[in-house]
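Dropping run.tsv in here (TSV, C-alpha atoms and all ligand atoms):
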```tsv
chain	number	residue	atom	x	y	z
Z	364	MET	CA	-22.22	-6.87	16.93
Z	365	MET	CA	-21.27	-3.79	14.98
Z	366	ASN	CA	-17.76	-2.68	15.74
Z	367	LYS	CA	-16.83	0.97	15.82
Z	368	ARG	CA	-15.31	0.93	12.35
Z	369	ASN	CA	-18.55	-0.25	10.76
Z	370	LEU	CA	-20.57	2.08	12.96
Z	371	LEU	CA	-18.48	4.89	11.48
Z	372	LEU	CA	-19.46	3.84	7.97
Z	373	ALA	CA	-23.14	3.40	8.78
Z	374	LEU	CA	-23.28	6.87	10.32
Z	375	THR	CA	-21.45	8.45	7.40
Z	376	LEU	CA	-23.92	6.92	4.94
Z	377	MET	CA	-26.99	7.83	7.02
Z	378	PHE	CA	-26.15	11.44	7.78
Z	379	SER	CA	-24.36	14.36	6.19
Z	380	ALA	CA	-20.62	14.35	6.75
Z	381	SER	CA	-20.69	16.96	9.50
Z	382	ALA	CA	-23.61	15.38	11.34
Z	383	ALA	CA	-21.90	12.02	11.00
Z	384	HIS	CA	-18.72	13.51	12.38
Z	385	ALA	CA	-20.54	14.66	15.54
Z	386	LEU	CA	-22.14	11.23	15.93
Z	387	ILE	CA	-18.81	9.47	15.33
Z	388	LYS	CA	-17.31	11.53	18.12
Z	389	ALA	CA	-20.25	10.62	20.37
Z	390	SER	CA	-19.78	6.92	19.52
Z	391	GLY	CA	-16.19	7.05	20.76
Z	392	TRP	CA	-14.55	6.33	17.39
Z	393	VAL	CA	-11.28	8.15	17.00
Z	394	GLU	CA	-9.60	8.05	13.59
Z	395	PRO	CA	-6.17	6.66	14.40
Z	396	GLU	CA	-3.33	9.18	14.40
Z	397	GLY	CA	0.10	9.59	15.94
Z	398	PHE	CA	1.88	7.50	13.30
Z	399	VAL	CA	5.38	8.58	12.26
Z	400	SER	CA	5.47	8.66	8.44
Z	401	PRO	CA	3.01	5.79	7.80
Z	402	GLU	CA	3.60	4.40	4.29
Z	403	SER	CA	1.48	1.29	3.79
Z	404	VAL	CA	-1.63	-0.31	5.27
Z	405	LEU	CA	-2.85	-3.90	4.96
Z	406	GLU	CA	-5.46	-6.07	6.59
Z	407	ALA	CA	-3.05	-8.96	6.95
Z	408	TRP	CA	-4.01	-12.51	7.95
Z	409	ASP	CA	-7.53	-13.80	7.48
Z	410	GLY	CA	-9.66	-14.19	10.48
Z	411	PRO	CA	-11.99	-12.31	12.73
Z	412	ASP	CA	-9.44	-9.99	14.33
Z	413	GLY	CA	-9.94	-7.16	11.80
Z	414	ARG	CA	-6.47	-5.80	12.41
Z	415	ILE	CA	-5.12	-3.17	10.04
Z	416	TYR	CA	-1.31	-3.27	9.88
Z	417	VAL	CA	0.55	-0.01	9.25
Z	418	SER	CA	4.22	0.38	8.29
Z	419	GLU	CA	5.92	3.45	9.74
Z	420	ILE	CA	9.15	4.80	8.29
Z	421	GLY	CA	9.96	6.87	11.37
Z	422	GLU	CA	12.58	9.39	10.38
Z	423	PHE	CA	13.55	8.99	6.71
Z	424	GLY	CA	17.11	7.65	6.36
Z	425	LYS	CA	17.37	6.87	10.08
Z	426	ASP	CA	17.91	3.18	10.79
Z	427	GLY	CA	16.26	1.18	13.54
Z	428	ASP	CA	13.30	3.52	14.14
Z	429	GLY	CA	10.93	1.92	11.61
Z	430	LYS	CA	8.10	-0.36	12.68
Z	431	VAL	CA	4.80	-2.02	11.93
Z	432	ARG	CA	1.88	-1.46	14.29
Z	433	PHE	CA	-1.77	-2.48	13.99
Z	434	ILE	CA	-5.13	-0.77	14.48
Z	435	ASP	CA	-7.89	-2.86	16.09
Z	436	THR	CA	-11.60	-2.57	15.24
Z	437	GLU	CA	-12.06	-0.02	18.03
Z	438	GLY	CA	-9.48	2.28	16.45
Z	439	GLN	CA	-6.79	1.56	19.06
Z	440	VAL	CA	-3.16	1.25	17.91
Z	441	HIS	CA	-0.91	-1.58	19.20
Z	442	PRO	CA	2.81	-2.39	18.75
Z	443	PHE	CA	3.64	-5.40	16.54
Z	444	ALA	CA	7.15	-5.44	15.00
Z	445	ASP	CA	9.95	-2.90	15.36
Z	446	GLY	CA	13.65	-2.27	14.80
Z	447	MET	CA	13.32	-1.77	11.05
Z	448	ASP	CA	14.92	1.05	9.01
Z	449	ASP	CA	12.48	2.72	6.58
Z	450	PRO	CA	9.72	0.09	6.12
Z	451	LYS	CA	7.27	0.74	3.28
Z	452	GLY	CA	5.10	-1.64	1.21
Z	453	LEU	CA	3.35	-4.57	2.92
Z	454	ALA	CA	2.10	-7.82	1.36
Z	455	MET	CA	0.90	-11.20	2.58
Z	456	ALA	CA	2.33	-14.32	0.92
Z	457	GLY	CA	1.36	-17.68	2.37
Z	458	GLU	CA	1.32	-17.48	6.15
Z	459	ASN	CA	3.59	-14.49	6.51
Z	460	LEU	CA	3.61	-10.73	6.18
Z	461	TYR	CA	6.39	-9.15	4.13
Z	462	VAL	CA	7.66	-5.58	4.19
Z	463	ALA	CA	9.98	-3.68	1.85
Z	464	ASP	CA	12.84	-2.05	3.74
Z	465	LYS	CA	16.38	-0.80	3.16
Z	466	GLN	CA	17.85	-4.18	4.06
Z	467	GLY	CA	15.66	-5.81	1.40
Z	468	VAL	CA	12.42	-7.71	1.78
Z	469	LEU	CA	11.72	-8.70	5.39
Z	470	LYS	CA	9.49	-11.59	6.46
Z	471	ILE	CA	7.35	-11.05	9.56
Z	472	THR	CA	5.73	-14.01	11.27
Z	473	ARG	CA	2.46	-13.73	13.15
Z	474	ASP	CA	4.26	-13.26	16.46
Z	475	GLY	CA	5.83	-10.03	15.15
Z	476	LYS	CA	9.35	-11.46	14.74
Z	477	TRP	CA	11.11	-10.60	11.49
Z	478	THR	CA	14.06	-11.81	9.43
Z	479	VAL	CA	15.61	-10.69	6.14
Z	480	PHE	CA	13.98	-12.80	3.36
Z	481	ALA	CA	15.68	-11.24	0.30
Z	482	ALA	CA	18.76	-9.20	1.22
Z	483	ALA	CA	19.39	-5.88	-0.57
Z	484	GLY	CA	22.87	-7.10	-1.55
Z	485	ASP	CA	21.44	-10.10	-3.41
Z	486	PHE	CA	19.50	-8.07	-5.98
Z	487	PRO	CA	20.89	-7.74	-9.54
Z	488	ALA	CA	21.38	-3.99	-8.94
Z	489	PRO	CA	21.73	-2.02	-5.71
Z	490	LEU	CA	18.30	-1.14	-4.28
Z	491	GLN	CA	17.75	2.62	-4.19
Z	492	PHE	CA	14.19	3.04	-2.92
Z	493	PRO	CA	12.52	-0.31	-2.16
Z	494	ASN	CA	8.87	0.69	-2.16
Z	495	ASP	CA	5.81	-1.47	-2.84
Z	496	LEU	CA	5.29	-5.22	-2.41
Z	497	GLU	CA	2.71	-7.50	-3.99
Z	498	ALA	CA	2.29	-11.29	-4.02
Z	499	ASP	CA	0.80	-13.54	-6.70
Z	500	ALA	CA	-1.32	-16.65	-6.17
Z	501	LYS	CA	1.77	-18.89	-6.32
Z	502	GLY	CA	3.51	-17.04	-3.50
Z	503	ASN	CA	6.01	-15.08	-5.61
Z	504	ILE	CA	6.63	-11.58	-4.26
Z	505	TYR	CA	7.05	-8.50	-6.45
Z	506	LEU	CA	9.07	-5.49	-5.26
Z	507	SER	CA	9.17	-2.06	-6.87
Z	508	ASP	CA	12.36	-0.02	-6.57
Z	509	THR	CA	11.40	3.57	-7.36
Z	510	GLY	CA	15.04	4.44	-8.11
Z	511	ASP	CA	16.08	8.06	-7.49
Z	512	LEU	CA	12.39	9.18	-7.42
Z	513	LYS	CA	13.12	11.37	-10.44
Z	514	GLY	CA	12.88	8.73	-13.17
Z	515	GLN	CA	16.29	7.05	-13.02
Z	516	GLY	CA	17.22	3.63	-11.70
Z	517	GLY	CA	13.76	2.16	-11.20
Z	518	ALA	CA	13.10	-1.59	-11.47
Z	519	ILE	CA	10.60	-4.29	-10.57
Z	520	TYR	CA	11.79	-7.60	-9.13
Z	521	ARG	CA	10.21	-11.00	-8.58
Z	522	ILE	CA	11.29	-13.06	-5.58
Z	523	SER	CA	10.27	-16.71	-5.68
Z	524	LYS	CA	9.14	-18.66	-2.61
Z	525	THR	CA	12.66	-20.05	-2.35
Z	526	GLY	CA	14.18	-16.56	-2.46
Z	527	LYS	CA	15.39	-16.52	-6.08
Z	528	ILE	CA	15.45	-12.92	-7.36
Z	529	THR	CA	14.86	-11.97	-11.00
Z	530	ARG	CA	14.11	-8.68	-12.71
Z	531	VAL	CA	10.60	-8.39	-14.16
Z	532	LYS	CA	10.53	-7.58	-17.87
Z	533	ALA	CA	8.70	-4.31	-18.57
Z	534	ASP	CA	9.05	-1.40	-20.98
Z	535	ASP	CA	11.54	0.83	-19.15
Z	536	THR	CA	11.02	3.64	-21.65
Z	537	LEU	CA	7.48	3.91	-20.27
Z	538	ILE	CA	7.87	2.98	-16.60
Z	539	SER	CA	10.70	5.01	-15.06
Z	540	ALA	CA	9.74	5.19	-11.38
Z	541	PRO	CA	7.62	2.17	-10.45
Z	542	ASN	CA	5.77	2.51	-7.16
Z	543	GLY	CA	2.38	0.83	-6.50
Z	544	LEU	CA	1.94	-2.79	-7.65
Z	545	LEU	CA	-1.22	-4.91	-7.92
Z	546	MET	CA	-1.75	-8.29	-9.54
Z	547	ASP	CA	-4.23	-8.34	-12.43
Z	548	GLY	CA	-5.03	-11.96	-13.18
Z	549	ASN	CA	-2.26	-14.56	-13.21
Z	550	ASP	CA	-0.14	-12.89	-15.89
Z	551	GLY	CA	-0.74	-9.18	-15.29
Z	552	LEU	CA	0.85	-6.69	-12.92
Z	553	LEU	CA	-0.55	-3.18	-12.57
Z	554	VAL	CA	2.13	-0.57	-11.91
Z	555	VAL	CA	1.70	3.13	-11.15
Z	556	ASP	CA	4.61	5.46	-11.91
Z	557	PHE	CA	5.63	7.97	-9.24
Z	558	VAL	CA	7.06	10.47	-11.76
Z	559	SER	CA	4.58	10.35	-14.67
Z	560	GLY	CA	1.46	9.44	-12.67
Z	561	ILE	CA	0.51	6.88	-15.33
Z	562	LEU	CA	-1.05	3.50	-14.49
Z	563	TYR	CA	0.28	0.62	-16.62
Z	564	ARG	CA	-0.42	-3.08	-16.99
Z	565	VAL	CA	2.62	-5.27	-17.51
Z	566	GLN	CA	2.10	-8.70	-19.05
Z	567	LEU	CA	4.48	-10.75	-16.92
Z	568	SER	CA	5.21	-13.48	-19.49
Z	569	THR	CA	6.25	-11.02	-22.23
Z	570	GLY	CA	6.97	-7.66	-20.60
Z	571	LYS	CA	4.39	-6.01	-22.83
Z	572	THR	CA	3.47	-2.72	-21.13
Z	573	THR	CA	0.09	-1.07	-21.75
Z	574	LYS	CA	-1.22	2.25	-20.47
Z	575	ILE	CA	-4.47	1.86	-18.49
Z	576	ALA	CA	-5.16	5.38	-17.17
Z	577	GLU	CA	-3.30	8.56	-16.24
Z	578	GLY	CA	-3.42	11.70	-14.11
Z	579	PHE	CA	-2.31	10.23	-10.78
Z	580	GLY	CA	0.42	12.81	-10.01
Z	581	GLY	CA	2.91	11.12	-7.70
Z	582	GLY	CA	1.26	7.73	-8.14
Z	583	ASP	CA	1.69	5.61	-5.01
Z	584	GLY	CA	-0.76	2.86	-3.99
Z	585	ILE	CA	-3.15	0.70	-6.05
Z	586	ALA	CA	-6.04	-1.27	-4.55
Z	587	ARG	CA	-9.08	-3.10	-5.92
Z	588	GLY	CA	-12.64	-2.98	-4.58
Z	589	LYS	CA	-14.92	-6.00	-4.51
Z	590	ASP	CA	-16.73	-4.83	-7.65
Z	591	GLY	CA	-13.45	-4.55	-9.58
Z	592	THR	CA	-13.11	-0.77	-9.28
Z	593	LEU	CA	-9.48	0.26	-8.87
Z	594	TYR	CA	-8.26	2.90	-6.43
Z	595	VAL	CA	-5.03	4.84	-6.97
Z	596	SER	CA	-3.41	7.35	-4.62
Z	597	ASP	CA	-1.40	10.43	-5.53
Z	598	TRP	CA	1.25	10.95	-2.84
Z	599	LYS	CA	2.39	14.39	-4.03
Z	600	GLY	CA	-1.13	15.75	-4.58
Z	601	GLY	CA	-2.70	14.19	-1.47
Z	602	LYS	CA	-5.48	12.66	-3.56
Z	603	VAL	CA	-7.25	9.34	-4.09
Z	604	PHE	CA	-8.92	8.39	-7.39
Z	605	SER	CA	-11.18	5.59	-8.53
Z	606	VAL	CA	-10.79	3.92	-11.92
Z	607	SER	CA	-13.85	2.12	-13.26
Z	608	LYS	CA	-13.54	-1.12	-15.22
Z	609	LYS	CA	-14.05	0.97	-18.36
Z	610	GLY	CA	-11.09	3.14	-17.36
Z	611	THR	CA	-12.99	6.24	-16.20
Z	612	VAL	CA	-10.97	8.14	-13.60
Z	613	LYS	CA	-12.77	10.00	-10.81
Z	614	LEU	CA	-11.32	12.02	-7.91
Z	615	ILE	CA	-12.83	10.65	-4.70
Z	616	LYS	CA	-10.71	12.42	-2.08
Z	617	ASP	CA	-8.39	15.41	-1.99
Z	618	GLY	CA	-6.96	17.70	0.67
Z	619	LEU	CA	-4.66	15.09	2.21
Z	620	GLN	CA	-1.00	15.98	2.80
Z	621	SER	CA	0.48	12.85	1.20
Z	622	ALA	CA	-1.67	9.86	0.26
Z	623	ALA	CA	0.68	6.86	0.43
Z	624	ASP	CA	0.09	3.11	-0.14
Z	625	ILE	CA	-3.63	2.30	0.16
Z	626	THR	CA	-5.69	-0.85	0.62
Z	627	VAL	CA	-9.35	-1.83	0.50
Z	628	ASP	CA	-10.36	-3.47	3.77
Z	629	LYS	CA	-11.83	-6.97	3.71
Z	630	SER	CA	-15.42	-5.75	4.23
Z	631	GLY	CA	-14.97	-3.83	0.97
Z	632	TRP	CA	-16.44	-0.75	2.64
Z	633	TYR	CA	-13.34	1.43	2.95
Z	634	VAL	CA	-10.22	2.54	1.19
Z	635	LEU	CA	-7.67	2.92	3.98
Z	636	VAL	CA	-5.23	5.73	3.24
Z	637	PRO	CA	-2.05	6.45	5.21
Z	638	ASP	CA	-1.55	10.22	5.13
Z	639	MET	CA	2.20	10.06	5.58
Z	640	LYS	CA	2.97	13.67	6.48
Z	641	ALA	CA	-0.14	14.05	8.65
Z	642	GLY	CA	0.68	10.83	10.57
Z	643	ARG	CA	-2.88	9.54	10.20
Z	644	VAL	CA	-4.76	6.67	8.60
Z	645	ILE	CA	-7.94	7.83	6.84
Z	646	TYR	CA	-10.98	5.52	6.49
Z	647	LEU	CA	-12.55	6.52	3.19
Z	648	PRO	CA	-16.05	5.03	2.74
Z	649	ILE	CA	-16.57	3.67	-0.79
Z	650	LYS	CA	-19.74	1.65	-0.40
Z	701	CA	CA	13.59	5.30	9.59
Z	702	CA	CA	4.52	3.23	-2.01
```

Produce C-alpha cells that represent the structure in this file.
Amino acid sequence: MMNKRNLLLALTLMFSASAAHALIKASGWVEPEGFVSPESVLEAWDGPDGRIYVSEIGEFGKDGDGKVRFIDTEGQVHPFADGMDDPKGLAMAGENLYVADKQGVLKITRDGKWTVFAAAGDFPAPLQFPNDLEADAKGNIYLSDTGDLKGQGGAIYRISKTGKITRVKADDTLISAPNGLLMDGNDGLLVVDFVSGILYRVQLSTGKTTKIAEGFGGGDGIARGKDGTLYVSDWKGGKVFSVSKKGTVKLIKDGLQSAADITVDKSGWYVLVPDMKAGRVIYLPIK
C-alpha cells in the first residue's frame, strides 16, 4: 500500500507543483512542522517502520531542552528521546543511533534511552561546536567540531567502537570550519566547510585534502543519492545543491530560511531537509 509520503511524491511528479499541492492537501498529507530548531534528519534503523528521526536543539545554549523525535510515514511526529542540550548531527553505527551534543557524542538505543558514549572532556581539545556525525563500515564514528563558526578551532575526530578518540589528519589550512561529513569509500571522508562553502575529500590514511566542488555558502549537510549524486545544503543561504559524479553543481532548492543537515531517505526518492529557523522538515523530491 502506498503510504502518504510516497503518495506525495507520486502526485508531485504527475502534476504541476501547485496542482500537486492541492491534491496533497486533499490526501491528508501535512508536511511536518512545529520542530524547535531541527538540525539533523536520519532514517535510522533498517526495517519497515519508515521513521525519520529529527534532532531538535530547542533553545540554543539552553541545556536539557534538546530532543530527538521521529516522523512516521503518515507525517505524524512522535516523541523518542529527550533531556539533551543542543543535539545536532545523527548517525547510525551498529545497532545504535548516535547524536552530537554539548556533552559529547551520545548513544541512543532503540528504546529511546541515551548515555554519553564519548564525553566532551575526553577529547584532545575542548569541543566548541560539536556538529555532524558519520560512521564508517567498521563502526568508527567521525565528529566534526565547527570551532567558533568563523574559521578558528575546528577539528574532525574519530571515535573507535571502544571509545578511543583520535584527531583525524586533514589539511587545516584548507578546512577551517568542518561541518557536514560523509564517507566516500573506505578511506575517504567528504567534508563541507561552514565558512568557505567548499566541499573537500580527505584521504583518511594520509590526511591528503582535495577540493571537490565549491559555492555552498554556509555548507552544512552532505548526503548521497542511490545513483551516486551528492547533495549539499547551505545553511546560511537556505539552499540545497546537487553535485554530479563529474562535479557539476546545480541549485535544486532555494528560499528556505536555514537548510541544516540533510539526508536521502531509504527509498532514494527524497532529500529530507530540516529548515532550522522555520521549524519544518522539507521533503524534496529528487527522483
Ligand atoms: Ca538547547
Ligand atoms: Ca550540521

At a cut-off of 6 Å around ligand CA 702 (chain Z), and using only C-alpha atoms and all ligand atoms, what residues come up? Please write them as a PyMOL selection string.
chain Z and resi 452+494-495+542-543+583-584+623-624

Per-residue nearest contacts of chain Z to ligand CA 701 (chain Z) (6 Å; only C-alpha atoms and all ligand atoms) as a tab-separated table:
```
residue	atom	partner	partner_atom	distance
Z:Ile420	CA	Z:CA701	CA	4.7
Z:Gly421	CA	Z:CA701	CA	4.3
Z:Glu422	CA	Z:CA701	CA	4.3
Z:Phe423	CA	Z:CA701	CA	4.7
Z:Gly424	CA	Z:CA701	CA	5.3
Z:Lys425	CA	Z:CA701	CA	4.1
Z:Asp426	CA	Z:CA701	CA	5.0
Z:Asp428	CA	Z:CA701	CA	4.9
Z:Gly429	CA	Z:CA701	CA	4.8
Z:Asp448	CA	Z:CA701	CA	4.5
Z:Asp449	CA	Z:CA701	CA	4.1
```

With C-alpha atoms retained, write the just-selected residues as a short mmCIF file (atom, residue, chain, number, x, y, z; two decimals), keeping the file's coordinate frame.
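Result file is again.cif:
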```cif
data_model
loop_
_atom_site.label_atom_id
_atom_site.label_comp_id
_atom_site.auth_asym_id
_atom_site.auth_seq_id
_atom_site.Cartn_x
_atom_site.Cartn_y
_atom_site.Cartn_z
CA ILE Z 420 9.15 4.80 8.29
CA GLY Z 421 9.96 6.87 11.37
CA GLU Z 422 12.58 9.39 10.38
CA PHE Z 423 13.55 8.99 6.71
CA GLY Z 424 17.11 7.65 6.36
CA LYS Z 425 17.37 6.87 10.08
CA ASP Z 426 17.91 3.18 10.79
CA ASP Z 428 13.30 3.52 14.14
CA GLY Z 429 10.93 1.92 11.61
CA ASP Z 448 14.92 1.05 9.01
CA ASP Z 449 12.48 2.72 6.58
#
```

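Minimum distance to Asp409 of chain Z across Z:Thr572, Z:Thr536, Z:Asn503, Z:Asn459 (counting only C-alpha atoms) occurs at Z:Asn459.
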
Extract, using only C-alpha atoms, all DNA, RNA and protein residues at most 10 Å from Gln466 of chain Z, discarding same-chain residues fewer than 6 positions from it, and format them as number ranges by chain.
Z: 426, 447-450, 479-484, 490, 493

Determine, counting all atoms listed in the file, which protein, DNA and RNA residues have an atom within 12 Å of an atom of Gln620 of chain Z; residues of the same chain fewer than 4 positions away are not included. Present the result as JSON, numbers by chain.
{"Z": [400, 596, 597, 598, 599, 600, 601, 602, 603, 616, 636, 637, 638, 639, 640, 641, 642, 643, 644, 645]}

Could you tell me, as a list in words, which residues have any atom at most 9 Å from (1.8, -13.4, -12.3), counting all atoms listed in the file?
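Nearby residues: Ala498, Asp499, Ala500, Lys501, Asn503, Met546, Asp547, Gly548, Asn549, Asp550, Gly551, Leu552, Gln566, Leu567 and Ser568 of chain Z.
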
For Lys451 of chain Z, work out the shell of residues within 6 Å, counting only C-alpha atoms and skipping chain neighbours fewer than 4 positions away, then give it as a CSV table (one decimal) with C-alpha atoms, in the frame of the given file.
```csv
chain,number,residue,atom,x,y,z
Z,402,GLU,CA,3.6,4.4,4.3
Z,403,SER,CA,1.5,1.3,3.8
Z,418,SER,CA,4.2,0.4,8.3
Z,463,ALA,CA,10.0,-3.7,1.8
Z,494,ASN,CA,8.9,0.7,-2.2
```

To test the calculation: enclose all listed atoms of segment 481-489 of chain Z in a box whose edges run along x, y and z, add 6 Å on each side, then state centre and edge lengths in Å to one decimal, as JSON.
```
{"center_x": 19.3, "center_y": -6.6, "center_z": -4.2, "size_x": 19.2, "size_y": 21.2, "size_z": 22.8}
```

Shell around Gly517 of chain Z at 9 Å using all atoms listed in the file, local window under 4 positions removed, as number ranges by chain
Z: 490-492, 507-512, 535, 538-542

Could you check how far atom CA of Ala456 of chain Z sits from atom CA of Ile504 of chain Z, in Å to one decimal?
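About the pair atom CA of Ala456 of chain Z and atom CA of Ile504 of chain Z: they are 7.3 Å apart.
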
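Between atom CA of Arg473 of chain Z and atom CA of Gly446 of chain Z lies a distance of 16.1 Å.
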
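As for atom CA of Ile615 of chain Z and atom CA of Ile434 of chain Z, they are spaced 23.6 Å apart.
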
Here is a test: counting only C-alpha atoms, which residue of Z:Ala622, Z:Val462, Z:Val612, Z:Val558 is nearest to Asp445 of chain Z?
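When distances to Asp445 of chain Z are compared using only C-alpha atoms, the smallest one comes from Z:Val462.
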
Using only C-alpha atoms, which residue out of Z:Leu370, Z:Leu614, Z:Leu453, Z:Val595 lies closest to Pro401 of chain Z?
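Among the listed residues, the smallest separation from Pro401 of chain Z belongs to Z:Leu453.
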